[in-house]
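Engineer: Below are the structure tokens for one structure; questions will follow.
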Amino acid sequence: MVYGLLEELRALLEKAGIPAGEEYPAGERVEIIGPVAAVGLRELDCANAVARFSVRILSPRILGGWCCQHKAALAAQTLHRAGMGCASEEMEYLTGSDCFCISLTVSRPVYESAE
């Protein structure tokens, strides 16, 4: 179930033109040459039927902070239109990856399947 929800977020972001993938993927480290989204599960609140996800928008410093801000706004708008709540944190600079980063917390209702 959770993997399906992560895939739904990833697909929505991809459709909006933001390459997206798993937040901590296995395998080799890749070089980021353009803005991307890293999607991960933050919390599954079964009592209230809500899942919270982190969507980190990363953009190389060479593209400037504006690029990161623009993609984060596009991601939030896309997810909001799909019925999800979004909250944004301040942009930060990650020295290890030489990228700007804006983290979004995305809330989505979860309904149990009748199957």
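By order of appearance in the structure tokens: chains A, B, ..., then residues from 1 within every chain, and ligands from 1 in the order shown.
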Can you pull out every residue within 8 Å of range 99-109 of chain A, counting only C-alpha atoms, but drop anything in the same chain fewer than 5 positions away, and send it as an MDAnalysis selection string?
Structural biologist: chainID A and resid 49:61 64:65 68:69 72 76 79 83:94
Engineer: Can you tell me which residues surround Leu63 in chain A at a distance of at most 12 Å, considering only C-alpha atoms, apart from same-chain residues fewer than 6 positions away, and format the answer as a PyMOL selection string?
Structural biologist: chain A and resi 32-35+69-71+98-100
Engineer: From a DSSP calculation on the backbone, collect every residue of chain A in strand (DSSP E) and output the set as number ranges by chain.
Structural biologist: A: 20-22, 36-45, 50-60, 85-88, 92-94, 99-109
Engineer: Hey, what's within 12 Å of Glu7 in chain A if we count only C-alpha atoms and toss same-chain stuff fewer than 5 positions away? As a PyMOL selection string, please?
Structural biologist: chain A and resi 1-2+12-14+20-23+38-41+53
Engineer: I need the residue nearest Ala11 in chain A from this list: A:Cys67, A:Ile62, A:Asn48, A:Thr78. Use only C-alpha atoms for the distance.
Structural biologist: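 Comparing A:Cys67, A:Ile62, A:Asn48, A:Thr78 against Ala11 in chain A, the winner is A:Thr78.
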Engineer: Could you tell me how far CA of Gly17 in chain A lies from CA of Ala75 in chain A, in Å and to one decimal?
Structural biologist: 9.2 Å
Engineer: Quick one: pull the distance between CA of Pro25 in chain A and CA of Leu5 in chain A, Å, one decimal.
Structural biologist: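 Interatomic distance here is 16.4 Å.
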Engineer: Run DSSP on the backbone and grab whatever in chain A lands in alpha helix (DSSP H); send it over as a PyMOL selection string.
Structural biologist: chain A and resi 2-15+65-81
Engineer: Using only C-alpha atoms, can you tell me which of A:Ala82, A:Cys46, A:Tyr3, A:Val30 comes closest to Ala16 in chain A?
Structural biologist: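 Answer, going by the shortest atom-to-atom distance: A:Ala82.
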